[in-house]
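A.B. asks: Structure file start_27.cif (mmCIF, C-alpha atoms and all ligand atoms) is given on the next line.
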data_upload
loop_
_atom_site.label_atom_id
_atom_site.label_comp_id
_atom_site.auth_asym_id
_atom_site.auth_seq_id
_atom_site.Cartn_x
_atom_site.Cartn_y
_atom_site.Cartn_z
CA MET A 1 0.00 0.00 0.00
CA THR A 2 2.91 2.40 0.72
CA LEU A 3 3.93 2.47 -2.95
CA GLU A 4 0.37 3.03 -4.03
CA ILE A 5 -0.03 5.90 -1.56
CA LYS A 6 3.14 7.51 -2.95
CA LYS A 7 1.88 7.10 -6.50
CA ALA A 8 -1.51 8.57 -5.56
CA ALA A 9 0.13 11.60 -3.90
CA GLU A 10 2.26 12.15 -7.01
CA ILE A 11 -0.83 12.10 -9.23
CA LEU A 12 -2.51 14.66 -6.94
CA ARG A 13 0.56 16.93 -7.21
CA GLN A 14 0.10 16.91 -11.00
CA ASP A 15 -3.55 18.00 -10.74
CA GLY A 16 -4.78 14.42 -11.23
CA LEU A 17 -7.84 12.77 -9.66
CA VAL A 18 -7.48 9.96 -7.10
CA ALA A 19 -10.42 8.02 -5.67
CA PHE A 20 -9.77 6.86 -2.09
CA PRO A 21 -11.70 5.11 0.67
CA THR A 22 -12.99 6.90 3.76
CA GLU A 23 -15.03 5.39 6.59
CA THR A 24 -18.21 6.85 5.04
CA VAL A 25 -18.00 6.48 1.24
CA TYR A 26 -15.28 6.68 -1.45
CA GLY A 27 -14.10 10.20 -2.26
CA LEU A 28 -12.89 11.63 -5.57
CA GLY A 29 -9.82 13.57 -4.47
CA ALA A 30 -7.94 16.51 -5.98
CA ARG A 31 -5.60 19.16 -4.67
CA LEU A 32 -6.84 22.69 -4.05
CA SER A 33 -5.83 24.12 -7.42
CA GLU A 34 -8.29 25.64 -9.86
CA THR A 35 -7.28 23.13 -12.60
CA ALA A 36 -7.67 20.05 -10.41
CA ILE A 37 -10.97 21.21 -8.90
CA ARG A 38 -12.38 21.89 -12.38
CA ARG A 39 -11.52 18.29 -13.24
CA ILE A 40 -13.58 17.05 -10.28
CA PHE A 41 -16.66 18.97 -11.43
CA ALA A 42 -16.17 17.69 -15.00
CA ALA A 43 -15.64 14.04 -13.98
CA LYS A 44 -18.78 14.04 -11.85
CA GLY A 45 -20.91 16.22 -14.13
CA ARG A 46 -21.42 18.24 -10.95
CA PRO A 47 -23.21 21.61 -11.07
CA PHE A 48 -20.78 24.43 -10.28
CA ASP A 49 -23.01 25.71 -7.47
CA ASN A 50 -22.48 22.57 -5.35
CA PRO A 51 -19.48 23.08 -3.00
CA LEU A 52 -16.92 20.38 -2.10
CA ILE A 53 -15.71 18.99 1.23
CA VAL A 54 -12.00 19.45 2.00
CA HIS A 55 -10.25 16.60 3.85
CA ILE A 56 -7.37 17.13 6.25
CA ALA A 57 -4.88 14.90 8.09
CA GLU A 58 -4.97 16.80 11.38
CA PRO A 59 -6.82 19.75 12.93
CA ASN A 60 -3.72 22.01 12.51
CA GLN A 61 -4.30 22.06 8.76
CA LEU A 62 -7.49 24.02 9.41
CA ASN A 63 -5.55 27.21 10.05
CA ARG A 64 -4.86 27.75 6.38
CA LEU A 65 -8.42 26.93 5.32
CA SER A 66 -10.45 29.00 7.74
CA SER A 67 -9.80 32.42 9.18
CA ASP A 68 -12.23 32.07 12.04
CA MET A 69 -12.60 29.29 14.60
CA PRO A 70 -15.81 29.45 16.68
CA SER A 71 -15.51 27.77 20.09
CA PHE A 72 -18.04 25.11 19.06
CA ALA A 73 -15.60 24.00 16.37
CA ASN A 74 -12.93 23.01 18.88
CA ALA A 75 -15.42 21.04 20.97
CA LEU A 76 -16.76 19.20 17.92
CA MET A 77 -13.28 18.39 16.57
CA ALA A 78 -12.22 17.06 19.96
CA ALA A 79 -15.32 14.89 20.21
CA PHE A 80 -15.68 13.57 16.65
CA TRP A 81 -12.42 13.83 14.66
CA PRO A 82 -11.18 11.82 13.00
CA GLY A 83 -14.69 10.83 11.99
CA PRO A 84 -17.81 11.39 9.89
CA LEU A 85 -18.52 15.01 10.87
CA THR A 86 -18.02 17.88 8.39
CA LEU A 87 -17.73 21.43 9.75
CA VAL A 88 -18.78 24.42 7.63
CA LEU A 89 -16.65 27.43 8.63
CA LYS A 90 -15.62 30.79 7.19
CA ARG A 91 -13.34 30.29 4.19
CA SER A 92 -9.90 31.87 4.17
CA ASN A 93 -8.89 33.82 1.05
CA ALA A 94 -6.03 31.36 0.54
CA VAL A 95 -8.56 28.73 -0.64
CA PRO A 96 -9.71 29.05 -4.28
CA ALA A 97 -13.37 30.11 -4.35
CA ILE A 98 -14.28 27.33 -6.81
CA VAL A 99 -13.75 24.73 -4.03
CA SER A 100 -16.75 26.23 -2.20
CA ALA A 101 -18.72 27.05 -5.35
CA GLY A 102 -18.05 30.73 -4.62
CA LEU A 103 -19.52 30.65 -1.09
CA PRO A 104 -17.66 32.56 1.64
CA SER A 105 -17.63 29.30 3.68
CA ILE A 106 -15.70 26.04 3.51
CA ALA A 107 -16.64 22.48 4.51
CA VAL A 108 -13.86 20.47 6.21
CA ARG A 109 -13.46 17.06 7.77
CA MET A 110 -10.76 14.72 9.05
CA PRO A 111 -11.73 11.21 7.90
CA ASN A 112 -11.28 8.16 10.11
CA HIS A 113 -9.72 5.73 7.65
CA PRO A 114 -6.10 4.51 7.63
CA ILE A 115 -5.72 4.79 3.83
CA ALA A 116 -7.31 8.26 3.64
CA LEU A 117 -5.11 9.48 6.51
CA SER A 118 -1.93 7.95 4.99
CA LEU A 119 -2.70 9.63 1.67
CA LEU A 120 -3.36 12.99 3.38
CA GLN A 121 -0.12 12.67 5.37
CA GLU A 122 1.95 11.64 2.34
CA PHE A 123 0.48 14.42 0.22
CA GLY A 124 0.98 16.93 3.04
CA GLU A 125 -1.82 19.26 1.97
CA PRO A 126 -5.63 19.24 2.18
CA ILE A 127 -7.53 17.22 -0.44
CA ALA A 128 -10.95 18.25 -1.79
CA ALA A 129 -13.15 15.18 -2.26
CA PRO A 130 -16.82 14.83 -3.04
CA SER A 131 -18.28 11.33 -3.14
CA ALA A 132 -16.84 9.40 -6.12
CA ASN A 133 -20.09 9.04 -8.10
CA ARG A 134 -21.58 10.87 -11.09
CA SER A 135 -23.62 13.82 -9.84
CA GLY A 136 -27.05 12.81 -8.53
CA ARG A 137 -26.18 9.09 -8.19
CA PRO A 138 -25.75 6.95 -5.06
CA SER A 139 -22.35 7.28 -3.35
CA PRO A 140 -19.93 4.38 -4.00
CA THR A 141 -18.86 2.28 -1.02
CA CYS A 142 -16.46 -0.07 -2.86
CA ILE A 143 -14.09 0.36 -5.81
CA GLN A 144 -16.29 -1.63 -8.21
CA HIS A 145 -18.95 1.06 -7.89
CA VAL A 146 -16.37 3.86 -8.27
CA GLN A 147 -15.20 2.22 -11.51
CA ALA A 148 -18.75 1.71 -12.75
CA GLU A 149 -19.51 5.41 -12.17
CA LEU A 150 -16.34 7.19 -13.18
CA GLY A 151 -14.41 4.76 -15.43
CA LYS A 152 -11.47 6.51 -17.07
CA GLN A 153 -12.40 9.88 -15.57
CA VAL A 154 -10.40 8.92 -12.47
CA ASP A 155 -6.61 8.59 -12.78
CA PHE A 156 -6.04 6.20 -9.87
CA ILE A 157 -8.09 4.32 -7.28
CA LEU A 158 -6.90 3.24 -3.83
CA ASP A 159 -8.71 0.07 -2.74
CA GLY A 160 -9.74 -0.08 0.91
CA GLY A 161 -12.47 -2.70 0.52
CA PRO A 162 -16.04 -1.83 1.52
CA CYS A 163 -16.61 1.33 3.61
CA THR A 164 -17.68 0.62 7.18
CA VAL A 165 -20.23 3.44 7.69
CA GLY A 166 -21.71 3.49 4.18
CA LEU A 167 -23.52 6.87 4.41
CA GLU A 168 -21.88 10.28 4.09
CA SER A 169 -20.73 12.48 6.95
CA THR A 170 -23.06 14.71 8.94
CA VAL A 171 -22.62 18.30 7.72
CA ILE A 172 -22.96 21.02 10.38
CA SER A 173 -22.67 24.74 9.67
CA LEU A 174 -21.04 26.90 12.35
CA ILE A 175 -21.39 30.10 10.33
CA ASP A 176 -24.36 31.19 12.49
CA ASN A 177 -26.01 29.16 15.21
CA PRO A 178 -24.96 25.51 14.74
CA CYS A 179 -27.21 24.01 12.09
CA ILE A 180 -27.28 20.51 10.57
CA LEU A 181 -27.24 20.82 6.76
CA ARG A 182 -27.10 17.08 6.06
CA PRO A 183 -27.93 14.31 8.54
CA GLY A 184 -25.27 11.60 8.55
CA ALA A 185 -23.43 8.99 10.51
CA ILE A 186 -23.21 11.14 13.65
CA GLY A 187 -26.69 11.78 15.06
CA ILE A 188 -28.00 15.18 16.12
CA ASP A 189 -28.58 13.93 19.67
CA VAL A 190 -24.89 13.04 20.06
CA ILE A 191 -23.86 16.45 18.68
CA GLN A 192 -26.28 18.18 21.06
CA SER A 193 -24.74 16.35 23.99
CA VAL A 194 -21.45 18.11 23.13
CA ILE A 195 -22.49 21.66 22.15
CA GLY A 196 -26.10 22.05 23.31
CA HIS A 197 -28.97 23.04 21.05
CA VAL A 198 -28.52 22.53 17.33
CA VAL A 199 -30.97 23.53 14.59
CA GLU A 200 -31.94 20.76 12.20
CA SER A 201 -32.84 22.26 8.89
CA SER A 202 -31.79 19.94 6.10
CA TYR A 203 -35.19 20.31 4.43
CA SER A 204 -35.86 23.98 5.10
CA ARG A 205 -35.41 26.82 2.66
CA GLY A 206 -32.72 28.22 4.91
CA ALA A 207 -30.58 25.15 4.40
CA ALA A 208 -31.17 25.21 0.67
CA LEU A 209 -29.78 28.73 0.62
CA SER A 210 -26.81 28.11 2.90
CA SER A 211 -26.00 24.76 1.23
CA PRO A 212 -26.93 25.13 -2.43
CA GLY A 213 -26.05 21.50 -3.17
CA MET A 214 -29.13 20.38 -1.24
CA LYS A 215 -31.50 21.41 -4.02
CA HIS A 216 -30.02 19.03 -6.59
CA ALA A 217 -31.19 15.44 -7.09
CA HIS A 218 -29.26 12.97 -4.93
CA TYR A 219 -28.61 9.25 -4.52
CA VAL A 220 -30.85 8.32 -7.47
CA PRO A 221 -30.69 4.71 -8.73
CA ARG A 222 -31.84 3.81 -12.26
CA LEU A 223 -35.02 2.06 -11.21
CA THR A 224 -38.37 2.84 -9.62
CA LEU A 225 -38.18 3.02 -5.86
CA VAL A 226 -41.16 2.13 -3.64
CA LEU A 227 -40.86 2.84 0.08
CA VAL A 228 -42.61 0.16 2.16
CA GLU A 229 -43.85 0.31 5.76
CA PRO A 230 -42.86 -2.85 7.65
CA ARG A 231 -46.53 -3.86 8.11
CA GLN A 232 -47.28 -3.37 4.42
CA TRP A 233 -44.92 -5.92 2.89
CA GLN A 234 -47.56 -8.52 2.08
CA THR A 235 -49.97 -6.05 0.45
CA VAL A 236 -47.28 -4.23 -1.50
CA LEU A 237 -45.73 -7.48 -2.74
CA GLU A 238 -49.08 -8.89 -3.90
CA LYS A 239 -49.73 -5.74 -5.90
CA GLN A 240 -46.23 -5.42 -7.32
CA ILE A 241 -45.99 -9.05 -8.38
CA LEU A 242 -49.06 -8.51 -10.57
CA SER A 243 -47.21 -5.73 -12.39
CA GLY A 244 -44.96 -8.33 -14.02
CA LYS A 245 -41.92 -6.09 -13.46
CA ARG A 246 -38.60 -7.45 -12.23
CA LEU A 247 -38.64 -6.70 -8.49
CA GLY A 248 -36.01 -6.16 -5.85
CA MET A 249 -36.54 -6.13 -2.10
CA ILE A 250 -34.57 -4.52 0.70
CA SER A 251 -36.00 -5.31 4.12
CA LEU A 252 -35.04 -4.87 7.72
CA LYS A 253 -35.06 -8.11 9.69
CA ALA A 254 -38.29 -9.05 7.96
CA VAL A 255 -39.25 -12.67 7.54
CA LEU A 256 -41.08 -12.42 4.28
CA PRO A 257 -44.32 -14.27 3.77
CA PHE A 258 -43.66 -15.26 0.17
CA ARG A 259 -41.64 -14.37 -2.90
CA GLY A 260 -42.82 -14.17 -6.45
CA GLU A 261 -40.81 -15.51 -9.35
CA ASN A 262 -40.16 -11.99 -10.51
CA VAL A 263 -38.20 -11.09 -7.38
CA VAL A 264 -34.67 -11.01 -8.82
CA TYR A 265 -32.84 -9.28 -5.96
CA GLU A 266 -33.23 -9.55 -2.23
CA LYS A 267 -31.25 -8.04 0.64
CA VAL A 268 -32.03 -8.34 4.33
CA MET A 269 -30.44 -5.72 6.58
CA THR A 270 -29.82 -7.02 10.09
CA ASP A 271 -29.89 -3.67 11.93
CA LEU A 272 -29.61 0.08 11.25
CA ALA A 273 -25.79 0.08 11.07
CA HIS A 274 -25.87 -2.79 8.56
CA TYR A 275 -28.62 -0.98 6.65
CA ALA A 276 -26.56 2.23 6.43
CA GLN A 277 -23.43 0.33 5.43
CA ASN A 278 -25.11 -1.56 2.60
CA LEU A 279 -27.81 0.78 1.31
CA PHE A 280 -25.92 2.41 -1.58
CA ALA A 281 -24.21 -0.85 -2.51
CA ALA A 282 -27.65 -2.49 -2.65
CA PHE A 283 -28.84 0.21 -5.09
CA TYR A 284 -25.94 -0.61 -7.42
CA GLU A 285 -26.46 -4.38 -7.00
CA ALA A 286 -30.17 -4.09 -7.74
CA GLU A 287 -29.43 -2.12 -10.92
CA ALA A 288 -26.90 -4.77 -11.99
CA ALA A 289 -29.47 -7.52 -11.32
CA GLY A 290 -31.87 -5.79 -13.74
CA VAL A 291 -34.39 -4.74 -11.08
CA GLU A 292 -37.11 -2.45 -12.47
CA THR A 293 -38.93 -1.73 -9.20
CA LEU A 294 -37.06 -1.80 -5.90
CA LEU A 295 -39.22 -2.20 -2.79
CA ILE A 296 -37.42 -0.85 0.23
CA GLU A 297 -38.42 -0.86 3.88
CA ILE A 298 -38.57 2.43 5.76
CA VAL A 299 -37.01 2.66 9.24
CA PRO A 300 -37.78 4.64 12.41
CA ARG A 301 -36.25 8.14 12.38
CA GLU A 302 -34.00 7.53 15.37
CA GLY A 303 -30.20 7.49 15.49
CA LEU A 304 -28.86 6.33 12.13
CA GLY A 305 -32.46 6.01 10.95
CA VAL A 306 -32.59 9.80 10.42
CA ALA A 307 -29.77 9.69 7.86
CA ILE A 308 -31.11 6.50 6.24
CA MET A 309 -34.57 8.05 5.78
CA ASP A 310 -33.02 11.25 4.39
CA ARG A 311 -31.23 9.19 1.70
CA LEU A 312 -34.31 7.05 0.95
CA GLU A 313 -36.59 10.04 0.53
CA ARG A 314 -34.15 11.90 -1.69
CA ALA A 315 -33.51 8.79 -3.77
CA ALA A 316 -37.25 8.16 -4.15
CA ALA A 317 -37.91 11.81 -5.05
CA GLY A 318 -35.39 11.62 -7.88
CA ALA A 319 -36.07 8.08 -9.13
CA SER A 320 -38.27 7.96 -12.19
CA GLY A 321 -37.78 4.39 -13.30
O1 LIG B 1 -18.73 11.50 3.95
C1 LIG B 1 -18.55 12.44 3.19
O2 LIG B 1 -18.79 13.62 3.53
C2 LIG B 1 -18.01 12.15 1.79
C3 LIG B 1 -16.58 11.62 1.94
C4 LIG B 1 -15.89 11.41 0.62
O3 LIG B 1 -15.84 12.48 2.77
N1 LIG B 1 -18.05 13.31 0.96
C5 LIG B 1 -19.22 13.81 0.46
O4 LIG B 1 -19.06 14.91 -0.39
O5 LIG B 1 -20.30 13.34 0.71
P1 LIG B 1 -20.22 15.43 -1.35
O6 LIG B 1 -19.57 16.46 -2.22
O7 LIG B 1 -20.85 14.30 -2.02
O8 LIG B 1 -21.21 16.17 -0.40
C6 LIG B 1 -20.84 17.41 0.16
C7 LIG B 1 -22.02 18.05 0.84
C8 LIG B 1 -23.00 18.61 -0.17
O9 LIG B 1 -24.32 18.44 0.31
C9 LIG B 1 -22.61 20.09 -0.20
O10 LIG B 1 -23.65 20.92 -0.62
C10 LIG B 1 -22.21 20.32 1.26
O11 LIG B 1 -21.55 19.13 1.64
N2 LIG B 1 -21.25 21.43 1.37
C11 LIG B 1 -19.96 21.47 0.97
N3 LIG B 1 -19.41 22.67 1.18
C12 LIG B 1 -20.36 23.43 1.76
C13 LIG B 1 -20.41 24.78 2.22
N4 LIG B 1 -19.36 25.59 2.11
N5 LIG B 1 -21.56 25.23 2.76
C14 LIG B 1 -22.62 24.40 2.87
N6 LIG B 1 -22.65 23.12 2.44
C15 LIG B 1 -21.54 22.64 1.89
MG MG B 2 -22.15 13.24 -2.97
#
Show this structure as structure tokens.
C.D. replies:
Amino acid sequence: MTLEIKKAAEILRQDGLVAFPTETVYGLGARLSETAIRRIFAAKGRPFDNPLIVHIAEPNQLNRLSSDMPSFANALMAAFWPGPLTLVLKRSNAVPAIVSAGLPSIAVRMPNHPIALSLLQEFGEPIAAPSANRSGRPSPTCIQHVQAELGKQVDFILDGGPCTVGLESTVISLIDNPCILRPGAIGIDVIQSVIGHVVESSYSRGAALSSPGMKHAHYVPRLTLVLVEPRQWQTVLEKQILSGKRLGMISLKAVLPFRGENVVYEKVMTDLAHYAQNLFAAFYEAEAAGVETLLIEIVPREGLGVAIMDRLERAAAGASG
């Protein structure tokens, strides 16, 4: 791995793109130069108004990225870094505006993954990295899905096997009162236990304005998605089987009453952590299995369930079949 890390760092120095594993999902990394950042937007087909997250190897690297450090930031870093929490802070003028899609803020996190941290240390500078998918698609959690999405658009991929968390980091803005812009692996209750009251506004207009990326389609698989209440499995299945479409099922601990012949993909999640870890991978697997309609069980909005439901609802809102 050492040689590969060195090679990856060299590619980054030449404005190349390197996909690398983090604990959440795979990132598509580039250095903070205008040329390299433009390549990220092009490779993903990402709208230029959707800002990127910058990854760092240690909290000290923040000094060059942000000119202002609210006291909440120190408490959150101490509690959750390295880990799946992204802080939105004031951007320093030293950072090219294109990284933040022109916003005066910057999103930063220190990932908790040995390969990501080795790469960041070897490279010695911050690395901008959105999730390594085409814009609007589910985030990849293994290199097969990075390859399927980006193909030759990425210069090098570091393989860390499947990601352990599976959903993206929680994004919290500290520009005003602390405000969750994207629910993620770290729950709002845990954050509140560290810094007190936090506003949760991922769906509000305010969040759309302060985080422009939120308005775009997200996590959308190429199939029709039907969200199913646990009690409704039998009814939904009976109806869907009559449609004659190739079906897929993702359920939580459910012992299913029966399967039709047209169920071509089935995945049982054992608990919420397993659900989060495998959700995006299951979208890609269902597509590969030729599923036309994917039936997927909704979960209680508690703990990780908040982030899972956020992804399911966004995916369903964008999916058109
Ligand atoms: O777990 C993760 O966060 C992964 C891994 C690779 O670190 N990265 C990731 O990046 O999910 P991306 O680009 O797919 O999502 C970044 C999110 C978007 O919703 C974007 O709008 C928001 O963070 N964001 C980035 N910079 C922002 C800023 N300055 N102000 C508000 N929101 C920002
Ligand atoms: Mg993304």
A.B. asks: Each residue of chain A lying at most 7 Å from ligand LIG 1 (chain B) should get a row with its shortest atom-to-atom pair and the distance in Å to one decimal, counting all atoms listed in the file; could you produce that, ordered by chain and increasing number, as a tab-separated table?
C.D. replies:
residue	atom	partner	partner_atom	distance
A:Thr22	CA	B:LIG1	C3	6.2
A:Thr24	CA	B:LIG1	O1	4.8
A:Val25	CA	B:LIG1	C3	5.4
A:Tyr26	CA	B:LIG1	C4	5.2
A:Gly27	CA	B:LIG1	C4	3.6
A:Leu28	CA	B:LIG1	C4	6.9
A:Asn50	CA	B:LIG1	O10	5.1
A:Pro51	CA	B:LIG1	N3	4.2
A:Leu52	CA	B:LIG1	C11	4.5
A:Ile53	CA	B:LIG1	C11	4.9
A:Pro84	CA	B:LIG1	O1	6.0
A:Thr86	CA	B:LIG1	O2	6.5
A:Val88	CA	B:LIG1	C13	5.7
A:Ser100	CA	B:LIG1	N4	5.1
A:Leu103	CA	B:LIG1	N4	6.0
A:Ser105	CA	B:LIG1	N4	4.4
A:Ile106	CA	B:LIG1	N4	3.9
A:Ala107	CA	B:LIG1	N3	4.3
A:Pro111	CA	B:LIG1	O3	6.7
A:Ala129	CA	B:LIG1	C4	5.5
A:Pro130	CA	B:LIG1	O6	3.3
A:Ser131	CA	B:LIG1	O7	4.1
A:Leu167	CA	B:LIG1	O1	6.7
A:Glu168	CA	B:LIG1	O1	3.4
A:Ser169	CA	B:LIG1	O1	3.7
A:Thr170	CA	B:LIG1	O2	7.0
A:Val171	CA	B:LIG1	O11	6.2
A:Ser173	CA	B:LIG1	C14	6.8
A:Leu181	CA	B:LIG1	N6	6.7
A:Arg182	CA	B:LIG1	O9	6.5
A:Ser210	CA	B:LIG1	C14	5.6
A:Ser211	CA	B:LIG1	C14	3.8
A:Pro212	CA	B:LIG1	O10	5.6
A:Gly213	CA	B:LIG1	O10	3.5
A:Met214	CA	B:LIG1	O9	5.4
A.B. asks: For the atom pair CA of Thr164 in chain A and CA of Glu23 in chain A, what is the interatomic distance in Å to one decimal place?
C.D. replies: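 These atoms are spaced 5.5 Å apart.
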A.B. asks: Which residue is closest to Gly151 in chain A? Choose from A:Ala73, A:Leu17, A:Val99, A:Val299 and count only C-alpha atoms.
C.D. replies: A:Leu17
A.B. asks: Which residue gives the smallest distance to Gln144 in chain A among A:Ala281, A:Gly83, A:Arg38, A:Ser71, with all atoms listed in the file counted?
C.D. replies: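 Checking each candidate against Gln144 in chain A, we get A:Ala281 as the closest.
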A.B. asks: Ranking A:Gln277, A:Thr141, A:Gln14, A:Gln121 by minimum distance to ligand MG 2 (chain B) and counting all atoms listed in the file, which one comes first?
C.D. replies: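 The answer is A:Thr141, which sits nearest to ligand MG 2 (chain B).
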A.B. asks: So, counting all atoms listed in the file, which residue among A:Ala75, A:Ala217, A:Ile40, A:Leu158 is closest to Gly196 in chain A?
C.D. replies: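 Ranking A:Ala75, A:Ala217, A:Ile40, A:Leu158 by distance to Gly196 in chain A, first place goes to A:Ala75.
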A.B. asks: For range 259-276 of chain A, please output as a PyMOL selection string all residues within 6 Å (counting all atoms listed in the file; exclusion window: fewer than 4 positions along the same chain).
C.D. replies: chain A and resi 166-167+246-253
A.B. asks: Considering only C-alpha atoms, return as a list in words whatever protein or nucleic-acid residues lie within 8 Å of Leu227 in chain A, sequence-local ones (same chain, fewer than 5 positions apart) excluded.
C.D. replies: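 Once the adjacent positions are removed, what remains is Leu295, Ile296, Glu297, Ile298, Leu312 and Ala316 of chain A.
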A.B. asks: Can you tell me which residues come within 8 Å of ligand MG 2 (chain B) when counting all atoms listed in the file, ideally as a list in words?
C.D. replies: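 After applying the 8 Å limit, what remains is Pro130, Ser131, Ala132, Asn133, Ser135, Gly136, Arg137, Pro138, Ser139, Glu168, His218 and Tyr219 of chain A.
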A.B. asks: Which polymer residues have any atom within 9 Å of an atom of Lys7 in chain A, counting only C-alpha atoms, with same-chain residues fewer than 5 positions away left out, as a list in words?
C.D. replies: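 Those residues are Thr2, Leu12 and Phe156 of chain A.
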A.B. asks: Measuring between all atoms listed in the file, which one of A:Val154, A:Ala57, A:Arg311, A:Ser201 shows the shortest distance to Asp15 in chain A?
C.D. replies: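 Ranking A:Val154, A:Ala57, A:Arg311, A:Ser201 by distance to Asp15 in chain A, first place goes to A:Val154.
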A.B. asks: Given all atoms listed in the file as the basis, pick out the residue of A:Gln192, A:Thr293, A:Ala43, A:Asp159 nearest to Ile241 in chain A.
C.D. replies: A:Thr293
A.B. asks: What does the distance from CA of Cys163 in chain A to CA of Asn278 in chain A come to in Å, to one decimal?
C.D. replies: 9.0 Å
A.B. asks: Neighbours of Cys179 in chain A within 6 Å (all atoms listed in the file; same-chain residues fewer than 6 positions away dropped), as a PyMOL selection string?
C.D. replies: chain A and resi 172-173+198-200
A.B. asks: In Å to one decimal, how far is CA of Ala185 in chain A from CA of Ala307 in chain A?
C.D. replies: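 One can read the CA of Ala307 in chain A to CA of Ala185 in chain A distance as 6.9 Å.
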A.B. asks: Can you report as AutoDock Vina command-line options the centre and edge lengths in Å, to one decimal, of an axis-aligned box around the listed atoms of range 73-84 of chain A padded with 3 Å on each side?
C.D. replies:
--center_x -14.5 --center_y 17.4 --center_z 15.4 --size_x 12.6 --size_y 19.2 --size_z 17.1
A.B. asks: Name all residues at most 9 Å from Pro59 in chain A (count only C-alpha atoms; drop same-chain ones fewer than 6 positions away) and give them as a ChimeraX atom specification.
C.D. replies: /A:77,81,109-110
A.B. asks: With 12 Å as the threshold, what does the neighbourhood of (-8.2, 33.0, 0.2) contain in terms of residues, counting only C-alpha atoms? Coordinates are those of the file; answer as a list in words.
C.D. replies: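 Those residues, ordered by chain and then number, are Leu32, Ser33, Asn63, Arg64, Leu65, Ser66, Ser67, Lys90, Arg91, Ser92, Asn93, Ala94, Val95, Pro96, Ala97, Ile98, Val99, Ser100, Gly102, Leu103, Pro104, Ser105 and Ile106 of chain A.
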A.B. asks: Please rebuild range 38-49 of chain A with N, CA and C atoms and give the result as a tab-separated table (two decimals), keeping the file's coordinate frame.
C.D. replies:
chain	number	residue	atom	x	y	z
A	38	ARG	N	-11.55	21.92	-11.16
A	38	ARG	CA	-12.38	21.89	-12.38
A	38	ARG	C	-12.53	20.48	-12.90
A	39	ARG	N	-11.46	19.68	-12.78
A	39	ARG	CA	-11.52	18.29	-13.24
A	39	ARG	C	-12.51	17.47	-12.41
A	40	ILE	N	-12.59	17.75	-11.11
A	40	ILE	CA	-13.58	17.05	-10.28
A	40	ILE	C	-15.00	17.34	-10.78
A	41	PHE	N	-15.30	18.61	-10.98
A	41	PHE	CA	-16.66	18.97	-11.43
A	41	PHE	C	-16.96	18.32	-12.78
A	42	ALA	N	-15.95	18.29	-13.67
A	42	ALA	CA	-16.17	17.69	-15.00
A	42	ALA	C	-16.38	16.18	-14.89
A	43	ALA	N	-15.55	15.50	-14.10
A	43	ALA	CA	-15.64	14.04	-13.98
A	43	ALA	C	-16.99	13.61	-13.41
A	44	LYS	N	-17.51	14.39	-12.49
A	44	LYS	CA	-18.78	14.04	-11.85
A	44	LYS	C	-19.99	14.58	-12.60
A	45	GLY	N	-19.77	15.53	-13.53
A	45	GLY	CA	-20.91	16.22	-14.13
A	45	GLY	C	-21.62	17.02	-13.06
A	46	ARG	N	-20.84	17.57	-12.12
A	46	ARG	CA	-21.42	18.24	-10.95
A	46	ARG	C	-21.72	19.70	-11.26
A	47	PRO	N	-22.91	20.18	-10.87
A	47	PRO	CA	-23.21	21.61	-11.07
A	47	PRO	C	-22.21	22.47	-10.30
A	48	PHE	N	-21.81	23.59	-10.90
A	48	PHE	CA	-20.78	24.43	-10.28
A	48	PHE	C	-21.25	25.15	-9.02
A	49	ASP	N	-22.55	25.06	-8.70
A	49	ASP	CA	-23.01	25.71	-7.47
A	49	ASP	C	-23.06	24.73	-6.29
